[in-house]
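This report refers to the structure that appears directly beneath it.
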Amino acid sequence: MTDFTKTKALFQIPEGMIYLNGNSLGPMPKSAPDRILDFMHNEWATDLIKGWNTKGWFMQTNTLGDRIGALVGAEEDSIVVGDTLSIKIFQAVAACLALRPDRKVILSDNGNFPTDLYMVEGLLKLKEAGYDLRTPNPDDVMEQITDEVACVMLTEVDYRTGRKHDMKAIIDKAHAHGALVVWDLAHSAGAIPVDLSGCDTDFAAGCTYKFLNGGPGAPAFIYVAPRLIADVEPALSGWYGHAAPFDFDLNYRPMPNKIDRMRIGTPSIASFAILEAAMDAWDGVDMQALRARSIELMTLFVGEVEARCPGLTLAGPRDMNARGSHVSFRFEHGYPCMQALIAKKVIGDFRAPDIMRFGITPLFLDEDDIRGAVDILSDILKNETWKEERFQTRSAVT
Ligand SMILES: *Cc1c(COP(=O)(O)O)cnc(C)c1O
């Protein structure tokens with residue numbers, strides 16, 4: 001059994017704060033400052049350029065990839081870490097289009113996170129005319145998977161409502177129609193059990209600063225099914241993915257038959273140090289136990305809010321098994337209400353037009369946090385504190 005009181009003690013959460021935003025930016029692992037200082041003093045300062053070999057920096061893209069892979073059901077050597085999620089989505093979709101040259105449709109949905117759609121728009125500007133990016137309602141994705149589709153690109157868990165796609169069913173139908181699938185795991189990795197290999201997915205990508213707690217701007221990761229990697233032609237053909245980077249060959253040759261070809265350029269090794277500390281917190285965490293705990297806490301939260309906070313309506317499915325690990329409520333005055341909550345040290349976030357979003361992260365939240373947050377929310381609604389002038393102005397990041 002995973003001991004969630006132990007994992008909670010691994011994170012630095014300011015005194016008196018209830019942090020319901022681990023779905024946007026995970027809290028700092030207490031071991032991270034020592035780890036980064038150790039990297040500074042005992043790796044960079046001492047080893048300098050040799051560190052690429054002596055401290056294993058060169059292959060941290062892969063060693064960290066395997067640690068993430070263990071949480072998302074990936075085979076060994078099928079994930080590399082680096083760059084941003086936006087870039088990894090671009091790489092994955094570009095690879096799909098190259099593998100299906102006779103097909104011109106990319107199927108996504110209108111609940112997807114905008115950057116995923118923007119990256120495809122940008123990619124299509126580089127391709128010949130005739131491509132079509134389709135964004136139906138999430139519920140209509142299944143019926144739109146046809147023989148025309150080159151690539152189904154979806155975010156498994158909706159960043160606003162928490163609704164979860166049925167990964168296996170979508171992959172099975174896509175494969176039956178000869179299409180490839182790209183999954184964005186931004187709200188899945190570290191949030192719910194994922195079985196990339198068991199579901200037979202083709203590509204996936206995710207970020208490490210949300211549920212994985214890797215720190216602001218922590219690197220992304222990409223998964224390519226081992227059965228495909230030899231045929232994947234990297235569209236972003238950087239030297240770090242070359243077959244022999246230190247040959248300084250003038251022509252690009254991808255690393256043969258290995259996930260390394262999805263690497264692009266020199267990664268941020270200082271960020272990797274923090275991510276290592278964050279991944280230590282996952283050692284011994286059973287994802288099924290995490291899921292059970294997440295459902296318990298989400299059920300408690302929804303029940304308490306619905307009983308004590310009139311005016312708020314649950315967004316997304318009521319069935320907790322059909323959700324990721326965040327809960328959102330629609331409220332006309334969601335923005336000022338969230339600011340009033342934050343002023344009382346209950347941290348969630350707001351997504352336009354009316355979504356108040358709360359990450360339910362068992363690694364560092366328990367029943368007392370959930371009840372405490374709802375106590376404060378119900379007070380704010382009862383006293384209409386959200387009407388105060390100071391809660392009305394919008395910041396750049398909501
Ligand atoms: C958070 C998020 C992103 C962010 O992409 P970055 O390149 O890391 O800024 C992309 N897609 C989804 C679904 C997200 O939730």
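So you can find residues: chains in the structure tokens are A, B, ... in the order shown, residues in each start at 1, and ligands are numbered from 1 in order.
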Close residues to ligand 1 using only C-alpha atoms and all ligand atoms, limit 8 Å, as JSON, numbers by chain: {"A": [24, 84, 85, 86, 87, 88, 112, 113, 114, 115, 116, 155, 157, 158, 159, 184, 185, 186, 187, 206, 207, 210, 217, 219, 220]}
Backbone DSSP call of helix (DSSP H, G or I) for segment 218-252 of chain A, listed as a ChimeraX atom specification: /A:226-229,239-241,245-247
Non-local contacts of Trp44 of chain A (12 Å; only C-alpha atoms; under 2 positions in same chain excluded) as a list in words: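 Using only C-alpha atoms, the neighbours found are Ile36, Leu37, Asp38, Phe39, Met40, His41, Asn42, Thr46, Asp47, Leu48, Ile49, Lys50, Gly51, Trp52, Asn53, Thr54, Lys55, Gly56, Trp57, Ile269, Ala270 and Ala273 of chain A.
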Serialized selection, C-alpha atoms, as an mmCIF file, in the first residue's frame:
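Below you can see out04.cif, which holds the result:
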```cif
data_model
loop_
_atom_site.group_PDB
_atom_site.id
_atom_site.type_symbol
_atom_site.label_atom_id
_atom_site.label_comp_id
_atom_site.auth_asym_id
_atom_site.auth_seq_id
_atom_site.Cartn_x
_atom_site.Cartn_y
_atom_site.Cartn_z
ATOM 1 C CA ILE A 36 20.010 21.528 -7.480
ATOM 2 C CA LEU A 37 22.772 22.793 -5.166
ATOM 3 C CA ASP A 38 24.448 19.410 -5.400
ATOM 4 C CA PHE A 39 24.258 19.674 -9.189
ATOM 5 C CA MET A 40 25.798 23.159 -9.042
ATOM 6 C CA HIS A 41 28.605 22.399 -6.595
ATOM 7 C CA ASN A 42 29.389 18.764 -7.327
ATOM 8 C CA THR A 46 33.701 20.422 -10.455
ATOM 9 C CA ASP A 47 33.273 18.481 -13.691
ATOM 10 C CA LEU A 48 32.459 21.276 -16.151
ATOM 11 C CA ILE A 49 32.404 19.923 -19.700
ATOM 12 C CA LYS A 50 33.337 16.433 -18.528
ATOM 13 C CA GLY A 51 30.000 16.269 -16.716
ATOM 14 C CA TRP A 52 28.303 15.214 -19.953
ATOM 15 C CA ASN A 53 30.111 11.898 -19.543
ATOM 16 C CA THR A 54 31.068 11.671 -15.869
ATOM 17 C CA LYS A 55 27.677 12.691 -14.498
ATOM 18 C CA GLY A 56 25.593 11.080 -17.222
ATOM 19 C CA TRP A 57 24.062 14.368 -18.416
ATOM 20 C CA ILE A 269 20.429 19.808 -17.357
ATOM 21 C CA ALA A 270 19.649 22.084 -14.384
ATOM 22 C CA ALA A 273 18.250 17.890 -11.585
#
```
Top pick for closest residue to Met320 of chain A, considering A:Pro193, A:Gly178, A:Gly162, A:Gly198 and counting only C-alpha atoms: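 Of the candidates, the smallest distance to Met320 of chain A is held by A:Gly162.
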Closest of A:Gly348, A:Gly238, A:Gly303, A:Pro362 to Asn251 of chain A - atom-to-atom distances counting only C-alpha atoms: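 Using only C-alpha atoms, the shortest distance to Asn251 of chain A belongs to A:Gly238.
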Residues flagged strand (DSSP E or B) by DSSP in segment 199-256 of chain A, as a PyMOL selection string: chain A and resi 203-207+220-224+242+254
Please, could you write that set of residues out with N, CA and C atoms as a PDB file, in the first residue's frame?
```pdb
ATOM      1  N   PHE A 203       1.806   7.243 -30.406  1.00  0.00           N
ATOM      2  CA  PHE A 203       2.617   8.341 -29.880  1.00  0.00           C
ATOM      3  C   PHE A 203       1.932   8.907 -28.641  1.00  0.00           C
ATOM      4  N   ALA A 204       2.730   9.509 -27.773  1.00  0.00           N
ATOM      5  CA  ALA A 204       2.165  10.275 -26.659  1.00  0.00           C
ATOM      6  C   ALA A 204       3.195  11.321 -26.260  1.00  0.00           C
ATOM      7  N   ALA A 205       2.715  12.366 -25.611  1.00  0.00           N
ATOM      8  CA  ALA A 205       3.615  13.405 -25.113  1.00  0.00           C
ATOM      9  C   ALA A 205       2.983  13.991 -23.864  1.00  0.00           C
ATOM     10  N   GLY A 206       3.816  14.569 -23.026  1.00  0.00           N
ATOM     11  CA  GLY A 206       3.266  15.163 -21.809  1.00  0.00           C
ATOM     12  C   GLY A 206       4.244  16.153 -21.218  1.00  0.00           C
ATOM     13  N   CYS A 207       3.811  16.823 -20.154  1.00  0.00           N
ATOM     14  CA  CYS A 207       4.708  17.757 -19.488  1.00  0.00           C
ATOM     15  C   CYS A 207       4.983  17.247 -18.084  1.00  0.00           C
ATOM     16  N   ALA A 220       9.442  18.545 -21.183  1.00  0.00           N
ATOM     17  CA  ALA A 220       8.365  17.656 -21.625  1.00  0.00           C
ATOM     18  C   ALA A 220       8.922  16.269 -21.914  1.00  0.00           C
ATOM     19  N   PHE A 221       8.037  15.361 -22.333  1.00  0.00           N
ATOM     20  CA  PHE A 221       8.502  14.040 -22.762  1.00  0.00           C
ATOM     21  C   PHE A 221       7.692  13.582 -23.966  1.00  0.00           C
ATOM     22  N   ILE A 222       8.297  12.667 -24.721  1.00  0.00           N
ATOM     23  CA  ILE A 222       7.590  12.080 -25.864  1.00  0.00           C
ATOM     24  C   ILE A 222       7.774  10.572 -25.846  1.00  0.00           C
ATOM     25  N   TYR A 223       6.701   9.882 -26.206  1.00  0.00           N
ATOM     26  CA  TYR A 223       6.702   8.422 -26.322  1.00  0.00           C
ATOM     27  C   TYR A 223       6.456   8.059 -27.773  1.00  0.00           C
ATOM     28  N   VAL A 224       7.240   7.110 -28.274  1.00  0.00           N
ATOM     29  CA  VAL A 224       6.942   6.510 -29.585  1.00  0.00           C
ATOM     30  C   VAL A 224       6.930   5.000 -29.404  1.00  0.00           C
ATOM     31  N   HIS A 242      20.924  12.720 -33.686  1.00  0.00           N
ATOM     32  CA  HIS A 242      21.719  12.145 -34.779  1.00  0.00           C
ATOM     33  C   HIS A 242      22.289  10.784 -34.378  1.00  0.00           C
ATOM     34  N   PRO A 254      19.211   9.953 -38.595  1.00  0.00           N
ATOM     35  CA  PRO A 254      18.643   9.760 -37.256  1.00  0.00           C
ATOM     36  C   PRO A 254      19.269   8.563 -36.553  1.00  0.00           C
TER      37      PRO A 254
END
```
Best match for closeness to Cys151 of chain A among A:Gly111, A:Gly265, A:Pro101, A:Gly130, counting only C-alpha atoms: A:Pro101
